[in-house]
Every structure is written in structure tokens, then in C-alpha cells.
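Participant: mmCIF, C-alpha atoms, saved as data-v6.cif, coming up:
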```cif
data_protein
loop_
_atom_site.label_atom_id
_atom_site.label_comp_id
_atom_site.auth_asym_id
_atom_site.auth_seq_id
_atom_site.Cartn_x
_atom_site.Cartn_y
_atom_site.Cartn_z
CA MET A 73 131.57 88.76 58.98
CA ASP A 74 134.38 87.85 61.36
CA SER A 75 136.70 85.34 59.72
CA ASP A 76 138.50 84.54 63.02
CA ALA A 77 135.38 83.14 64.70
CA PRO A 78 135.26 79.34 64.87
CA PRO A 79 132.62 77.73 62.70
CA GLU A 80 129.55 76.59 64.54
CA THR A 81 129.34 72.84 64.76
CA ASP A 82 126.34 70.90 65.82
CA SER A 83 127.48 68.37 68.37
CA PRO A 84 125.62 65.12 67.93
CA ALA A 85 122.83 64.45 70.35
CA PRO A 86 123.57 61.72 72.88
CA PRO A 87 121.98 58.34 72.14
CA ARG A 88 118.60 57.69 73.71
CA GLY A 89 118.85 56.23 77.18
CA LEU A 90 122.45 57.25 77.73
CA ARG A 91 121.62 58.89 81.06
CA ALA A 92 119.11 56.26 82.13
CA ALA A 93 121.16 53.12 81.42
CA PRO A 94 124.29 54.03 83.42
CA THR A 95 122.16 55.57 86.17
CA PHE A 96 120.22 52.30 86.43
CA THR A 97 123.42 50.23 86.44
CA GLY A 98 124.94 52.47 89.10
CA LEU A 99 121.90 52.11 91.35
CA ALA A 100 121.77 48.36 90.72
CA ALA A 101 125.46 48.16 91.61
CA MET A 102 124.85 49.96 94.91
CA PHE A 103 122.03 47.53 95.73
CA SER A 104 124.15 44.53 94.71
CA ALA A 105 127.03 45.67 96.91
CA GLN A 106 124.70 46.08 99.87
CA VAL A 107 123.19 42.61 99.35
CA ALA A 108 126.65 41.02 99.01
CA GLN A 109 127.88 42.73 102.17
CA ALA A 110 124.77 41.67 104.11
CA SER A 111 125.14 38.10 102.85
CA LEU A 112 128.80 37.93 103.88
CA SER A 113 127.86 39.20 107.35
CA ALA A 114 124.97 36.73 107.63
CA TYR A 115 127.19 33.77 106.73
CA ARG A 116 129.14 34.34 109.98
CA ARG A 117 126.09 34.46 112.25
CA VAL A 118 125.05 31.89 114.78
CA LEU A 119 121.38 31.23 114.09
CA ASP A 120 118.55 31.05 116.56
CA PRO A 121 115.64 28.70 115.89
CA PRO A 122 113.27 30.27 113.35
CA HIS A 123 109.70 31.28 114.17
CA ASP A 124 108.05 31.25 110.74
CA LEU A 125 108.48 30.29 107.10
CA ASN A 126 110.60 33.37 106.32
CA GLY A 127 112.96 32.49 109.14
CA VAL A 128 113.16 28.87 108.00
CA TRP A 129 114.06 29.91 104.44
CA ALA A 130 116.60 32.51 105.62
CA GLN A 131 118.18 29.94 107.89
CA ALA A 132 118.29 27.38 105.07
CA VAL A 133 120.08 29.86 102.80
CA ILE A 134 122.58 30.80 105.52
CA ARG A 135 123.21 27.23 106.68
CA ALA A 136 123.72 26.04 103.10
CA ALA A 137 126.19 28.89 102.56
CA GLN A 138 128.01 27.96 105.77
CA GLU A 139 128.15 24.35 104.59
CA GLN A 140 129.48 25.38 101.15
CA ARG A 141 131.47 28.34 102.47
CA GLN A 142 134.06 28.56 99.69
CA VAL A 143 131.51 28.72 96.90
CA ALA A 144 129.17 31.11 98.71
CA VAL A 145 131.89 33.49 99.89
CA ALA A 146 133.63 33.51 96.49
CA ARG A 147 130.35 34.41 94.78
CA GLU A 148 129.55 37.21 97.26
CA LEU A 149 133.09 38.65 97.13
CA ALA A 150 132.95 38.65 93.34
CA ALA A 151 129.55 40.35 93.49
CA LEU A 152 130.88 42.99 95.90
CA LEU A 153 133.99 43.77 93.84
CA LEU A 154 132.13 43.83 90.53
CA ALA A 155 129.40 46.00 92.02
CA ILE A 156 132.02 48.56 93.05
CA LEU A 157 133.55 48.43 89.57
CA LEU A 158 130.15 48.83 87.90
CA PHE A 159 129.24 51.75 90.16
CA ILE A 160 132.47 53.59 89.35
CA ALA A 161 132.12 52.85 85.64
CA SER A 162 128.48 53.97 85.60
CA ALA A 163 129.31 57.19 87.43
CA ARG A 164 132.07 57.94 84.91
CA VAL A 165 129.63 57.51 82.01
CA VAL A 166 127.02 59.72 83.70
CA LEU A 167 129.67 62.39 84.32
CA ARG A 168 130.88 62.01 80.71
CA ALA A 169 134.47 61.31 81.68
CA PRO A 170 136.71 60.73 78.65
CA GLY A 171 136.90 57.06 77.68
CA ALA A 172 134.35 56.08 80.34
CA GLY A 173 132.42 53.77 78.04
CA TRP A 174 135.22 51.21 77.80
CA LEU A 175 135.23 50.56 81.56
CA TRP A 176 131.42 50.55 81.68
CA ARG A 177 131.20 47.95 78.92
CA GLN A 178 133.80 45.75 80.63
CA ALA A 179 131.97 46.03 83.97
CA LEU A 180 128.71 45.05 82.28
CA VAL A 181 130.33 42.01 80.64
CA ALA A 182 131.75 41.03 84.04
CA GLN A 183 128.27 41.38 85.56
CA LEU A 184 126.88 39.14 82.83
CA LEU A 185 129.50 36.48 83.62
CA LEU A 186 128.72 36.82 87.33
CA ALA A 187 124.99 36.41 86.66
CA GLY A 188 125.72 33.25 84.68
CA SER A 189 127.87 31.85 87.47
CA THR A 190 125.17 32.76 89.98
CA VAL A 191 122.72 30.56 88.08
CA TRP A 192 125.20 27.71 88.53
CA VAL A 193 125.73 28.55 92.24
CA GLU A 194 121.97 28.50 92.85
CA ARG A 195 121.73 25.02 91.33
CA PHE A 196 124.81 23.85 93.22
CA MET A 197 123.43 25.10 96.56
CA ALA A 198 119.91 23.64 96.10
CA PRO A 199 120.59 20.24 97.77
CA ALA A 200 122.23 21.88 100.79
CA ARG A 201 119.37 24.36 101.03
CA ARG A 202 116.87 21.50 100.85
CA ARG A 203 118.53 19.71 103.79
CA ALA A 204 118.89 22.92 105.79
CA PHE A 205 115.27 23.93 105.10
CA PHE A 206 113.80 20.78 106.58
CA GLU A 207 116.23 20.86 109.49
CA ALA A 208 115.26 24.47 110.24
CA ALA A 209 111.55 23.58 109.95
CA ARG A 210 112.10 20.71 112.39
CA VAL A 211 113.70 22.94 115.07
CA ALA A 212 111.43 25.93 114.48
CA VAL A 213 109.63 27.47 117.42
CA GLY A 214 106.03 26.59 116.66
CA PRO A 215 104.55 25.11 113.49
CA VAL A 216 105.76 26.40 110.12
CA GLN A 217 102.92 27.02 107.68
CA PRO A 218 103.49 26.47 103.94
CA LEU A 219 102.99 29.31 101.49
CA SER A 220 99.41 29.95 100.55
CA GLY A 221 98.66 28.11 97.35
CA THR A 222 100.97 25.23 98.24
CA GLY A 223 99.81 22.12 100.04
CA SER A 224 102.97 21.21 101.94
CA LEU A 225 106.39 22.41 102.98
CA GLU A 226 107.83 20.31 100.13
CA GLU A 227 105.80 22.28 97.57
CA THR A 228 106.74 25.53 99.32
CA LEU A 229 110.40 24.61 99.14
CA ARG A 230 110.12 23.81 95.42
CA ALA A 231 108.51 27.23 94.85
CA LEU A 232 111.21 29.01 96.89
CA LEU A 233 114.01 27.20 95.08
CA ALA A 234 112.42 27.97 91.70
CA PHE A 235 112.12 31.65 92.59
CA SER A 236 115.68 31.71 93.93
CA GLY A 237 116.91 30.17 90.68
CA ALA A 238 114.83 32.48 88.47
CA VAL A 239 116.12 35.76 89.93
CA PRO A 240 119.69 35.42 88.55
CA VAL A 241 118.30 34.33 85.17
CA ILE A 242 116.14 37.45 85.01
CA TRP A 243 119.07 39.62 86.10
CA ALA A 244 121.27 37.97 83.44
CA ALA A 245 118.67 38.84 80.80
CA VAL A 246 118.54 42.48 81.97
CA VAL A 247 122.34 42.73 81.95
CA ALA A 248 122.50 41.11 78.50
CA LEU A 249 120.16 43.83 77.19
CA LEU A 250 122.35 46.50 78.82
CA VAL A 251 125.47 44.93 77.28
CA ALA A 252 123.81 44.98 73.86
CA TYR A 253 122.89 48.63 74.37
CA ALA A 254 126.38 49.60 75.59
CA PHE A 255 128.02 47.94 72.58
CA ARG A 256 125.84 49.70 70.01
CA PRO A 257 128.12 51.67 67.66
CA ARG A 258 126.53 55.03 68.45
CA VAL A 259 126.77 54.48 72.22
CA ARG A 260 130.37 53.31 71.87
CA ALA A 261 131.25 56.36 69.78
CA PHE A 262 129.61 58.74 72.24
CA THR A 263 131.01 57.21 75.45
CA GLY A 264 134.50 56.38 74.23
#
```
Is it possible to give me this structure as C-alpha cells?

Facilitator:
Amino acid sequence: MDSDAPPETDSPAPPRGLRAAPTFTGLAAMFSAQVAQASLSAYRRVLDPPHDLNGVWAQAVIRAAQEQRQVAVARELAALLLAILLFIASARVVLRAPGAGWLWRQALVAQLLLAGSTVWVERFMAPARRRAFFEAARVAVGPVQPLSGTGSLEETLRALLAFSGAVPVIWAAVVALLVAYAFRPRVRAFTG
């Protein structure tokens, strides 16, 4: 037996989901950055009269953001910056960079705060979107049909506003689960 050989140590197996969770957050960050960039570009556009319900809703969102420019731009800039941070942090965890977990956990907490503020922004923007929706429907080229299953444009607008408000709540719940996962003792120990 060679006494100079280092003893064999079994390195602990990585926690379940350690590749999947940061990969998911990295991909979600890329998508979020793209959406924020597209939104910031759209807020500067001059809008033509819409032709259908999708155009009316898109115009209502953009016009409301133009009306409440400071709130809308601040939210999108925060989303863009935090998406970049989350992407970098996720990539570091996937690549197993030393101490990568700390940055990833902080980026996830920041995303959770952003999701919470987005819920507030959606509620804040609802009255402006309501006004802009009916204005866009009034100037639309041709009649605007309500969603199937709704009897009027008012019901359609309520459904669209409810969906728009539910998306950040769902995202906040997903991020809260990811935060809970990232702060588990075994994940913290493995990622640094």
C-alpha cells in the first residue's frame, strides 16, 4: 500500500434540481430582458389605429404606459437590470463558480421584490389602461369583437385586466419557490 497517496473521499452529490433551477432562472431572465427591452421600445412608438382586439389591447397597454411614463419605464428598467443580474448569477451557479450561490440567491430575492412591485404597477395602471382601451376601440379600423365567452367589450376588458394582474402573481409564486429552494441549507452549502 502506498502511504503517500491521498485518501479517497466521496464528494457529496449535488442537491436535486441544482442544474435545472439555475438553468430555468437563466432562461427566464433572458426572456424577461427581451420583454423589458421590447416594452421600452414600444413605449416610444407612435401608434396607428388598431384593427382588432389584440391591437386595441396592445395600444391600451402602450398608451397607459406613455401616460404613466415614469412608473412604466422605472419598472421595465428594473426588470431589464435584474434580468441581466439573474442571468449572470444563474450562469455562475451552472458553471459551479466559487461562491456563485450568494449572488444567485440575492438575484432571486430581487426578482421576488420586482414581482411584488409589478403586482402593484398592474393595479396602478388599470384605470389608465381602461381609458386607453375604450379610446383605442373607438378609433379602431372596423368593429372590435369581444373575446369569445364574453358578452361585451367591458367584460373582455375585465378578463384582460384580470389576466394581466394574475401573471405577475403567478411569477411571484414561482420565484418564491425558487428562493425557498436556493436558501435550503444543502443548496447553500453546495453553491457557496

Participant: Evaluate the PyMOL selection byres ((chain A and resi 239-246) around 7) here and jot the selected residues down as a list in words.

Facilitator: Leu184, Ala187, Gly188, Thr190, Val191, Phe235, Ser236, Gly237, Ala238, Val247, Ala248, Leu249 and Leu250 of chain A

Participant: Excluding same-chain residues fewer than 4 positions from stretch 252-254 of chain A, what lies within 9 Å of it counting only C-alpha atoms, as a list in words?

Facilitator: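 So, after excluding close chain neighbours, the residues are Leu90, Ala93, Gly173, Trp176, Arg177, Leu180, Val247, Ala248, Arg258, Val259, Arg260 and Thr263 of chain A.
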
Participant: Residues of the last selection are to be written out with C-alpha atoms, as a CSV table (one decimal), in the coordinates of the input.

Facilitator:
```
chain,number,residue,atom,x,y,z
A,90,LEU,CA,122.4,57.2,77.7
A,93,ALA,CA,121.2,53.1,81.4
A,173,GLY,CA,132.4,53.8,78.0
A,176,TRP,CA,131.4,50.6,81.7
A,177,ARG,CA,131.2,48.0,78.9
A,180,LEU,CA,128.7,45.0,82.3
A,247,VAL,CA,122.3,42.7,82.0
A,248,ALA,CA,122.5,41.1,78.5
A,258,ARG,CA,126.5,55.0,68.4
A,259,VAL,CA,126.8,54.5,72.2
A,260,ARG,CA,130.4,53.3,71.9
A,263,THR,CA,131.0,57.2,75.4
```

Participant: When the PyMOL selection byres ((chain A and resi 122) around 12) is applied to the structure above, which residues does it catch, written out as number ranges by chain?

Facilitator: A: 118-121, 123-132, 204-216

Participant: Mind pulling up the distance from atom CA of A:Met102 to atom CA of A:Leu157?

Facilitator: 10.3 Å

Participant: Can you spell out as a list in words the set of residues that the PyMOL selection byres ((chain A and resi 155) around 10) selects in the structure I just provided?

Facilitator: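 Residues picked by the PyMOL selection byres ((chain A and resi 155) around 10): Thr97, Gly98, Leu99, Ala100, Ala101, Met102, Phe103, Ser104, Ala105, Gln106, Ala108, Leu149, Ala150, Ala151, Leu152, Leu153, Leu154, Ile156, Leu157, Leu158, Phe159, Ile160, Ala161, Ala179, Leu180, Ala182 and Gln183 of chain A.
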
Participant: Atom CA of A:Ser220 and atom CA of A:Ile134 are how many Å apart?

Facilitator: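 According to the coordinates, atom CA of A:Ser220 and atom CA of A:Ile134 are separated by 23.7 Å.
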
Participant: Please measure the separation of atom CA of A:Gln109 and atom CA of A:Leu186, giving the value in Å to one decimal.

Facilitator: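 For atom CA of A:Gln109 relative to atom CA of A:Leu186, the distance reads 16.0 Å.
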
Participant: Neighbourhood query: residues within 12 Å of (128.3, 27.7, 101.8), file coordinates, counting all atoms listed in the file; return as a ChimeraX atom specification.

Facilitator: /A:111-112,114-116,132-148,193-194,196-201,204

Participant: Find the residue from A:Leu219, A:Val166, A:Pro257, A:Arg195 that sits nearest to A:Ala234; use all atoms listed in the file when measuring.

Facilitator: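 Smallest separation from A:Ala234 among the options: A:Arg195.
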
Participant: Which is closer to A:Gln178 than all the others in A:Ser162, A:Thr95, A:Ser113, A:Ser224, using only C-alpha atoms?

Facilitator: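 Among A:Ser162, A:Thr95, A:Ser113, A:Ser224, it is A:Ser162 that comes nearest to A:Gln178.
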
Participant: Have a look at A:Arg202, A:Leu167, A:Arg256, A:Trp192 and name the one nearest to A:Ala231; count only C-alpha atoms.

Facilitator: A:Arg202

Participant: Smallest atom-to-atom distance to A:Val181: which of A:Phe255, A:Arg230, A:Ala85, A:Val107, using all atoms listed in the file?

Facilitator: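 Under the stated criterion, the closest residue is A:Phe255.
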